[in-house]
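**Q** Contents of upload-v1.txt (compact mmCIF, C-alpha atoms and all ligand atoms):
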# COMPACT_ATOMS: atom_id res chain seq x y z
CA MET A 1 0.00 0.00 0.00
CA ARG A 2 1.31 3.41 -0.97
CA LEU A 3 -0.26 6.39 0.73
CA VAL A 4 0.15 10.05 1.47
CA LEU A 5 -1.69 11.58 4.43
CA LEU A 6 -3.01 15.09 3.93
CA GLY A 7 -4.84 17.40 6.28
CA PRO A 8 -4.40 20.31 8.68
CA PRO A 9 -2.07 20.16 11.66
CA GLY A 10 -3.86 18.31 14.45
CA ALA A 11 -6.09 16.29 12.11
CA GLY A 12 -4.48 13.16 13.54
CA LYS A 13 -2.15 12.12 10.71
CA GLY A 14 0.53 10.88 13.07
CA THR A 15 -1.86 8.92 15.30
CA LEU A 16 -3.61 7.31 12.34
CA ALA A 17 -0.26 6.54 10.69
CA ALA A 18 0.95 4.72 13.81
CA LEU A 19 -2.19 2.55 13.76
CA LEU A 20 -2.13 1.89 10.01
CA LYS A 21 1.53 1.04 10.14
CA LYS A 22 0.74 -1.95 12.33
CA SER A 23 -2.06 -3.28 10.11
CA LEU A 24 -0.49 -2.46 6.73
CA LYS A 25 3.15 -3.21 7.60
CA VAL A 26 4.45 -0.38 5.45
CA ARG A 27 7.13 2.17 6.15
CA HIS A 28 5.90 5.31 7.89
CA ILE A 29 7.88 8.34 6.76
CA SER A 30 7.08 11.54 8.64
CA THR A 31 9.02 14.66 7.70
CA GLY A 32 8.03 16.24 11.04
CA ASP A 33 9.49 13.26 12.97
CA ILE A 34 12.66 13.25 10.89
CA LEU A 35 13.15 16.98 11.40
CA ARG A 36 12.49 16.75 15.16
CA GLU A 37 15.06 13.94 15.38
CA GLU A 38 17.57 16.18 13.58
CA MET A 39 16.79 19.01 16.01
CA LYS A 40 17.25 16.68 18.97
CA ASN A 41 20.68 15.70 17.63
CA ASN A 42 21.46 19.35 16.98
CA SER A 43 22.71 18.51 13.46
CA ALA A 44 23.28 21.20 10.83
CA LEU A 45 19.96 20.26 9.24
CA GLY A 46 18.26 20.34 12.65
CA GLN A 47 19.58 23.81 13.42
CA GLU A 48 18.44 25.08 10.03
CA ALA A 49 14.97 23.50 10.39
CA LYS A 50 14.45 24.80 13.93
CA LYS A 51 14.33 28.41 12.73
CA TYR A 52 11.23 27.62 10.68
CA ILE A 53 9.55 24.99 12.83
CA ASP A 54 9.52 27.01 16.04
CA ASN A 55 7.73 29.80 14.18
CA GLY A 56 5.22 27.49 12.53
CA GLU A 57 6.64 28.17 9.08
CA LEU A 58 7.55 25.65 6.41
CA VAL A 59 11.08 24.35 6.01
CA PRO A 60 12.20 25.17 2.42
CA ASP A 61 10.94 22.80 -0.30
CA GLU A 62 14.44 21.80 -1.46
CA VAL A 63 15.45 20.68 2.03
CA VAL A 64 12.44 18.43 2.72
CA THR A 65 12.30 17.14 -0.86
CA LYS A 66 15.92 15.98 -0.64
CA LEU A 67 15.15 14.28 2.67
CA ILE A 68 12.19 12.40 1.23
CA GLU A 69 14.05 11.47 -1.92
CA SER A 70 16.85 9.87 0.08
CA LYS A 71 14.31 7.88 2.16
CA LEU A 72 12.38 6.70 -0.89
CA THR A 73 15.36 5.76 -3.02
CA ALA A 74 17.44 4.02 -0.35
CA ASN A 75 17.94 0.35 -1.27
CA ASP A 76 14.65 -1.58 -1.21
CA ARG A 77 13.40 0.58 1.63
CA VAL A 78 9.88 1.06 0.25
CA ASP A 79 9.34 -2.14 -1.74
CA GLY A 80 6.70 -3.22 0.79
CA GLY A 81 4.84 0.08 0.52
CA TYR A 82 5.02 3.46 2.24
CA MET A 83 2.95 6.03 4.07
CA LEU A 84 4.07 9.65 3.81
CA ASP A 85 2.95 11.85 6.68
CA GLY A 86 3.53 15.61 6.50
CA PHE A 87 4.84 15.48 2.94
CA PRO A 88 3.95 16.91 0.46
CA ARG A 89 2.91 20.23 1.97
CA THR A 90 3.19 22.48 -1.11
CA LYS A 91 2.39 22.13 -4.79
CA LYS A 92 6.13 22.12 -5.55
CA GLN A 93 6.65 19.22 -3.15
CA ALA A 94 3.72 17.32 -4.67
CA GLU A 95 5.21 17.70 -8.15
CA ALA A 96 8.66 16.70 -6.95
CA LEU A 97 7.16 13.64 -5.25
CA ASP A 98 5.50 12.54 -8.48
CA ARG A 99 8.85 12.75 -10.25
CA ILE A 100 10.56 10.65 -7.57
CA LEU A 101 7.76 8.04 -7.53
CA LYS A 102 7.90 7.75 -11.29
CA LYS A 103 11.62 7.14 -11.12
CA ILE A 104 11.26 4.35 -8.56
CA HIS A 105 8.10 2.90 -10.20
CA ARG A 106 6.11 3.07 -6.99
CA PRO A 107 3.00 5.19 -7.77
CA LEU A 108 0.57 6.25 -5.08
CA ASP A 109 -2.58 4.28 -4.35
CA TYR A 110 -4.38 6.97 -2.36
CA ALA A 111 -3.98 10.45 -0.97
CA LEU A 112 -6.02 10.36 2.25
CA TYR A 113 -7.43 13.77 3.12
CA LEU A 114 -8.14 13.99 6.84
CA GLU A 115 -10.81 16.67 7.16
CA SER A 116 -11.24 18.16 10.61
CA THR A 117 -12.92 21.15 12.23
CA LEU A 118 -11.10 23.99 13.95
CA PRO A 119 -12.29 23.40 17.56
CA VAL A 120 -11.24 19.74 17.33
CA ILE A 121 -7.86 20.69 15.87
CA ILE A 122 -7.11 23.20 18.61
CA GLN A 123 -8.16 20.79 21.35
CA ARG A 124 -5.98 18.03 19.86
CA LEU A 125 -2.90 20.19 19.40
CA THR A 126 -2.93 21.92 22.76
CA GLY A 127 -3.35 18.61 24.64
CA ARG A 128 -0.81 16.67 22.56
CA ARG A 129 2.21 15.09 24.23
CA VAL A 130 5.08 13.39 22.41
CA CYS A 131 7.58 10.80 23.64
CA ARG A 132 11.16 12.03 23.63
CA GLY A 133 12.40 8.49 23.22
CA CYS A 134 10.30 6.99 20.42
CA GLY A 135 8.02 9.78 19.14
CA ALA A 136 4.79 8.02 20.21
CA LEU A 137 1.81 10.37 20.47
CA PHE A 138 -0.49 10.89 23.46
CA HIS A 139 -3.15 13.36 24.50
CA VAL A 140 -3.82 14.52 28.05
CA LYS A 141 -7.57 13.84 27.69
CA ASN A 142 -8.22 11.71 24.58
CA ARG A 143 -5.31 9.34 24.85
CA PRO A 144 -3.64 9.64 28.24
CA PRO A 145 -0.61 7.47 29.00
CA ARG A 146 -1.00 4.84 31.73
CA ARG A 147 1.46 6.73 33.91
CA GLU A 148 1.34 10.51 33.73
CA GLY A 149 4.22 11.97 31.72
CA ILE A 150 5.62 8.54 30.78
CA CYS A 151 5.43 6.76 27.40
CA ASP A 152 3.45 3.48 27.35
CA GLU A 153 5.62 2.12 24.53
CA CYS A 154 9.15 2.74 25.76
CA GLY A 155 9.02 4.39 29.20
CA GLY A 156 10.44 7.63 27.77
CA ILE A 157 9.56 11.11 29.01
CA LEU A 158 6.62 12.90 27.36
CA TYR A 159 6.94 16.54 26.35
CA GLN A 160 4.88 19.22 24.69
CA ARG A 161 6.15 20.37 21.29
CA ALA A 162 7.39 23.98 21.25
CA ASP A 163 5.16 24.66 18.22
CA ASP A 164 1.99 23.37 19.94
CA ASN A 165 1.14 26.73 21.51
CA ALA A 166 -1.85 28.91 20.58
CA GLU A 167 0.14 31.52 18.64
CA THR A 168 2.21 29.08 16.57
CA ILE A 169 -0.85 26.93 15.92
CA LYS A 170 -2.51 29.98 14.36
CA THR A 171 0.47 30.50 12.02
CA ARG A 172 0.54 26.78 11.13
CA MET A 173 -3.15 26.91 10.21
CA GLU A 174 -2.58 29.95 7.99
CA VAL A 175 0.40 28.27 6.34
CA TYR A 176 -1.71 25.15 5.83
CA LEU A 177 -4.59 27.01 4.20
CA LYS A 178 -2.29 28.94 1.88
CA ASN A 179 0.24 26.25 0.88
CA THR A 180 -1.16 22.80 1.58
CA GLN A 181 -4.90 23.09 1.01
CA PRO A 182 -4.35 23.69 -2.74
CA ILE A 183 -2.74 20.27 -3.22
CA ILE A 184 -6.02 18.58 -2.31
CA ALA A 185 -7.25 19.57 -5.79
CA TYR A 186 -4.01 18.30 -7.29
CA TYR A 187 -4.71 14.77 -6.01
CA GLU A 188 -8.38 15.00 -6.78
CA ALA A 189 -7.48 15.67 -10.42
CA GLN A 190 -5.34 12.52 -10.38
CA GLY A 191 -8.30 10.50 -9.08
CA LYS A 192 -6.27 9.53 -5.99
CA LEU A 193 -8.06 11.55 -3.33
CA LYS A 194 -10.00 9.85 -0.55
CA ASN A 195 -11.82 12.06 1.96
CA VAL A 196 -11.77 10.92 5.57
CA ASP A 197 -13.79 12.36 8.46
CA ALA A 198 -10.92 13.00 10.87
CA ASP A 199 -13.15 14.21 13.72
CA LYS A 200 -13.82 10.52 14.28
CA ASP A 201 -11.69 8.55 16.69
CA SER A 202 -8.43 7.23 15.14
CA GLU A 203 -9.23 3.58 15.88
CA GLU A 204 -12.62 3.89 14.17
CA LEU A 205 -10.91 5.54 11.18
CA GLN A 206 -8.37 2.77 10.98
CA ALA A 207 -11.17 0.18 10.76
CA ILE A 208 -13.07 2.15 8.10
CA LEU A 209 -9.94 2.60 6.01
CA MET A 210 -8.86 -1.01 6.20
CA LYS A 211 -12.29 -1.97 4.87
CA THR A 212 -11.99 0.56 2.03
CA PHE A 213 -8.53 -0.72 1.07
CA ASP A 214 -9.82 -4.28 1.10
CA GLU A 215 -12.80 -3.42 -1.10
CA GLY A 216 -10.47 -1.60 -3.51
CA HIS A 217 -8.35 -4.81 -3.67
CA LYS A 218 -5.39 -2.83 -2.42
CA LEU A 219 -4.42 -5.09 0.45
CA ASN A 220 -1.76 -7.79 0.26
CA GLN A 221 0.05 -6.11 -2.58
CA PRO A 222 3.11 -3.92 -2.26
P1 LIG A 301 1.77 18.98 12.21
O1 LIG A 301 1.18 18.09 11.16
O2 LIG A 301 1.26 18.71 13.57
O3 LIG A 301 1.75 20.43 11.85
P2 LIG A 301 4.51 18.00 11.62
O4 LIG A 301 5.19 17.19 12.65
O5 LIG A 301 4.07 17.32 10.37
O6 LIG A 301 3.31 18.70 12.37
O7 LIG A 301 5.45 19.22 11.18
C1 LIG A 301 6.00 20.11 12.10
C2 LIG A 301 6.76 21.22 11.38
O8 LIG A 301 7.83 20.66 10.60
C3 LIG A 301 5.96 22.03 10.36
O9 LIG A 301 5.24 23.09 10.97
C4 LIG A 301 7.06 22.52 9.42
O10 LIG A 301 7.75 23.62 9.97
C5 LIG A 301 8.02 21.36 9.37
N1 LIG A 301 7.71 20.46 8.23
C6 LIG A 301 7.30 19.16 8.33
N2 LIG A 301 7.07 18.63 7.10
C7 LIG A 301 7.34 19.63 6.21
C8 LIG A 301 7.28 19.74 4.79
N3 LIG A 301 6.88 18.71 4.02
N4 LIG A 301 7.60 20.92 4.23
C9 LIG A 301 8.00 21.95 4.96
N5 LIG A 301 8.07 21.94 6.30
C10 LIG A 301 7.75 20.79 6.93
ZN ZN A 302 8.26 6.21 23.76
Show me this structure written as structure tokens.
**A**
Amino acid sequence: MRLVLLGPPGAGKGTLAALLKKSLKVRHISTGDILREEMKNNSALGQEAKKYIDNGELVPDEVVTKLIESKLTANDRVDGGYMLDGFPRTKKQAEALDRILKKIHRPLDYALYLESTLPVIIQRLTGRRVCRGCGALFHVKNRPPRREGICDECGGILYQRADDNAETIKTRMEVYLKNTQPIIAYYEAQGKLKNVDADKDSEELQAILMKTFDEGHKLNQP
């Protein structure tokens, strides 16, 4: 299965991806996770990305496109399928992705568009907690860890992302509407778009999607 996940920040792309990864057994490639890892390691790329991320702005297209290209073209890494989360985010990135996918002969099956409403988005983002160790996602109300502040998966410490504050969320929404929203039409024109009601609970969504993939005869093929 080859997917991209689209939708506003806080629509639940990361949570859904973690669930689908288990049932689809495909690689989950999240540009946000990769960039946060680089920031944690204080690499040159991490330092460069931090300037944009902390302000809710987009990291330049060339930087993220190169990152994704290296992940997708590494030896046999995506032969069993892939799920891109947080990429593409601009029309330029979407076009670059098509070029890369053509080169590796691994075209998309679906672009899943997670539609969500603003109050739900804000509630999800402000309550979100992330594991420092493994990146697992939690929410103080909707998905609390068994032990407060501690990751269920690896025992790591949970933290709140610097960009999950009211002011930066507002910028991220504006950036989304201006740059990312337009690529919905791009995938619709390709006949790849699948709308998903992301206000629903992630587990319910996972079940609905698995059924859709099955009916489309997309399961059990790379
Ligand atoms: P969310 O979906 O919650 O907004 P992500 O973890 O996907 O968060 O991304 C966090 C930040 O990383 C973005 O606000 C942006 O600065 C940067 N980023 C991630 N993916 C991309 C991308 N494809 N293009 C440009 N910037 C990106
Ligand atoms: Zn963890």
**Q** Figure out the distance between atom O2 of ligand LIG 301 (chain A) and CA of Ile53 (chain A), please, to one decimal in Å.
**A**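 Separation of CA of Ile53 (chain A) and atom O2 of ligand LIG 301 (chain A): 10.4 Å.
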**Q** Need the shell around Asn55 (chain A): protein/DNA/RNA residues with any atom at most 9 Å away, counting all atoms listed in the file. Skip same-chain ones fewer than 6 positions apart. Format as a short mmCIF file (atom, residue, chain, number, x, y, z; two decimals) with C-alpha atoms, in the coordinates of the input?
**A**
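Result saved to around.cif:
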data_model
loop_
_atom_site.label_atom_id
_atom_site.label_comp_id
_atom_site.auth_asym_id
_atom_site.auth_seq_id
_atom_site.Cartn_x
_atom_site.Cartn_y
_atom_site.Cartn_z
CA ASP A 163 5.16 24.66 18.22
CA GLU A 167 0.14 31.52 18.64
CA THR A 168 2.21 29.08 16.57
CA THR A 171 0.47 30.50 12.02
CA ARG A 172 0.54 26.78 11.13
#
**Q** If you count only C-alpha atoms and all ligand atoms, which residues end up within 6 Å of ligand LIG 301 (chain A), as a list of chain:residue names?
**A**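 Result of the 6 Å neighbour search around ligand LIG 301 (chain A): A:Pro9, A:Gly10, A:Thr31, A:Gly32, A:Asp33, A:Tyr52, A:Ile53, A:Gly56, A:Glu57, A:Leu58, A:Val59, A:Pro60, A:Asp61, A:Val64, A:Gly86, A:Phe87, A:Pro88, A:Arg89, A:Arg172.
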**Q** With distances taken over only C-alpha atoms and all ligand atoms, which of A:Leu193, A:Met210, A:Cys134, A:Ala198 is nearest to ligand ZN 302 (chain A)?
**A**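 Smallest separation from ligand ZN 302 (chain A) among the options: A:Cys134.
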**Q** Around ligand ZN 302 (chain A), out to 6 Å and counting only C-alpha atoms and all ligand atoms, which residues are there? I want them as a list in words.
**A** Cys131, Gly133, Cys134, Gly135, Ala136, Cys151, Glu153, Cys154, Gly155 and Gly156 of chain A
**Q** Could you check how far CA of Ala111 (chain A) sits from CA of Leu6 (chain A), in Å to one decimal?
**A**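 Interatomic distance, CA of Ala111 (chain A) to CA of Leu6 (chain A): 6.8 Å.
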**Q** So, counting all atoms listed in the file, which residue among A:Ala96, A:Ala18, A:Ala74, A:Met173 is closest to Gln206 (chain A)?
**A**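 So, comparing all the options, the nearest one is A:Ala18.
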**Q** Have a look at A:Ser43, A:Thr90, A:Ser116, A:Asn75 and name the one nearest to Gln181 (chain A); count only C-alpha atoms.
**A**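 The answer is A:Thr90, which sits nearest to Gln181 (chain A).
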**Q** So the first atom is CA of Asp197 (chain A) and the second is CA of Lys91 (chain A); what is the distance between them in Å, to one decimal place?
**A**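 Separating CA of Asp197 (chain A) from CA of Lys91 (chain A) is a distance of 23.1 Å.
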**Q** Of the candidates A:Thr180, A:Tyr110, A:Leu97, A:Arg143, which shows the shortest atom-to-atom distance to Lys194 (chain A), using all atoms listed in the file?
**A** A:Tyr110
**Q** Have a look at A:Ile29, A:Ile169, A:Leu3, A:Leu20 and name the one nearest to Ala207 (chain A); count only C-alpha atoms.
**A**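 When distances to Ala207 (chain A) are compared using only C-alpha atoms, the smallest one comes from A:Leu20.
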**Q** Saving region 110-132 of chain A with N, CA and C atoms, as a short mmCIF file (atom, residue, chain, number, x, y, z; two decimals), in the first residue's frame, what would that file be?
**A**
data_model
loop_
_atom_site.label_atom_id
_atom_site.label_comp_id
_atom_site.auth_asym_id
_atom_site.auth_seq_id
_atom_site.Cartn_x
_atom_site.Cartn_y
_atom_site.Cartn_z
N TYR A 110 -3.42 5.96 -2.82
CA TYR A 110 -4.38 6.97 -2.36
C TYR A 110 -3.68 8.15 -1.69
N ALA A 111 -4.31 9.32 -1.83
CA ALA A 111 -3.98 10.45 -0.97
C ALA A 111 -5.16 10.57 -0.01
N LEU A 112 -4.94 10.29 1.27
CA LEU A 112 -6.02 10.36 2.25
C LEU A 112 -6.09 11.79 2.79
N TYR A 113 -7.25 12.39 2.64
CA TYR A 113 -7.43 13.77 3.12
C TYR A 113 -8.21 13.75 4.43
N LEU A 114 -7.52 13.99 5.52
CA LEU A 114 -8.14 13.99 6.84
C LEU A 114 -8.78 15.35 7.10
N GLU A 115 -10.10 15.40 6.96
CA GLU A 115 -10.81 16.67 7.16
C GLU A 115 -11.20 16.79 8.62
N SER A 116 -10.92 17.97 9.20
CA SER A 116 -11.24 18.16 10.61
C SER A 116 -11.74 19.59 10.83
N THR A 117 -12.40 19.81 11.96
CA THR A 117 -12.92 21.15 12.23
C THR A 117 -12.02 21.87 13.23
N LEU A 118 -12.04 23.20 13.17
CA LEU A 118 -11.10 23.99 13.95
C LEU A 118 -11.13 23.72 15.47
N PRO A 119 -12.30 23.66 16.10
CA PRO A 119 -12.29 23.40 17.56
C PRO A 119 -11.63 22.06 17.91
N VAL A 120 -11.86 21.05 17.08
CA VAL A 120 -11.24 19.74 17.33
C VAL A 120 -9.73 19.83 17.17
N ILE A 121 -9.30 20.53 16.13
CA ILE A 121 -7.86 20.69 15.87
C ILE A 121 -7.17 21.36 17.04
N ILE A 122 -7.75 22.45 17.52
CA ILE A 122 -7.11 23.20 18.61
C ILE A 122 -7.04 22.35 19.88
N GLN A 123 -8.13 21.65 20.16
CA GLN A 123 -8.16 20.79 21.35
C GLN A 123 -7.10 19.68 21.24
N ARG A 124 -6.95 19.11 20.04
CA ARG A 124 -5.98 18.03 19.86
C ARG A 124 -4.55 18.54 19.99
N LEU A 125 -4.28 19.69 19.39
CA LEU A 125 -2.90 20.19 19.40
C LEU A 125 -2.46 20.68 20.78
N THR A 126 -3.36 21.37 21.48
CA THR A 126 -2.93 21.92 22.76
C THR A 126 -2.78 20.83 23.83
N GLY A 127 -3.48 19.70 23.65
CA GLY A 127 -3.35 18.61 24.64
C GLY A 127 -2.35 17.54 24.23
N ARG A 128 -1.72 17.72 23.09
CA ARG A 128 -0.81 16.67 22.56
C ARG A 128 0.47 16.57 23.38
N ARG A 129 0.92 15.34 23.60
CA ARG A 129 2.21 15.09 24.23
C ARG A 129 2.96 14.07 23.38
N VAL A 130 4.26 14.24 23.28
CA VAL A 130 5.08 13.39 22.41
C VAL A 130 6.19 12.74 23.23
N CYS A 131 6.51 11.48 22.91
CA CYS A 131 7.58 10.80 23.64
C CYS A 131 8.95 11.25 23.11
N ARG A 132 9.82 11.63 24.02
CA ARG A 132 11.16 12.03 23.63
C ARG A 132 11.97 10.86 23.10
#
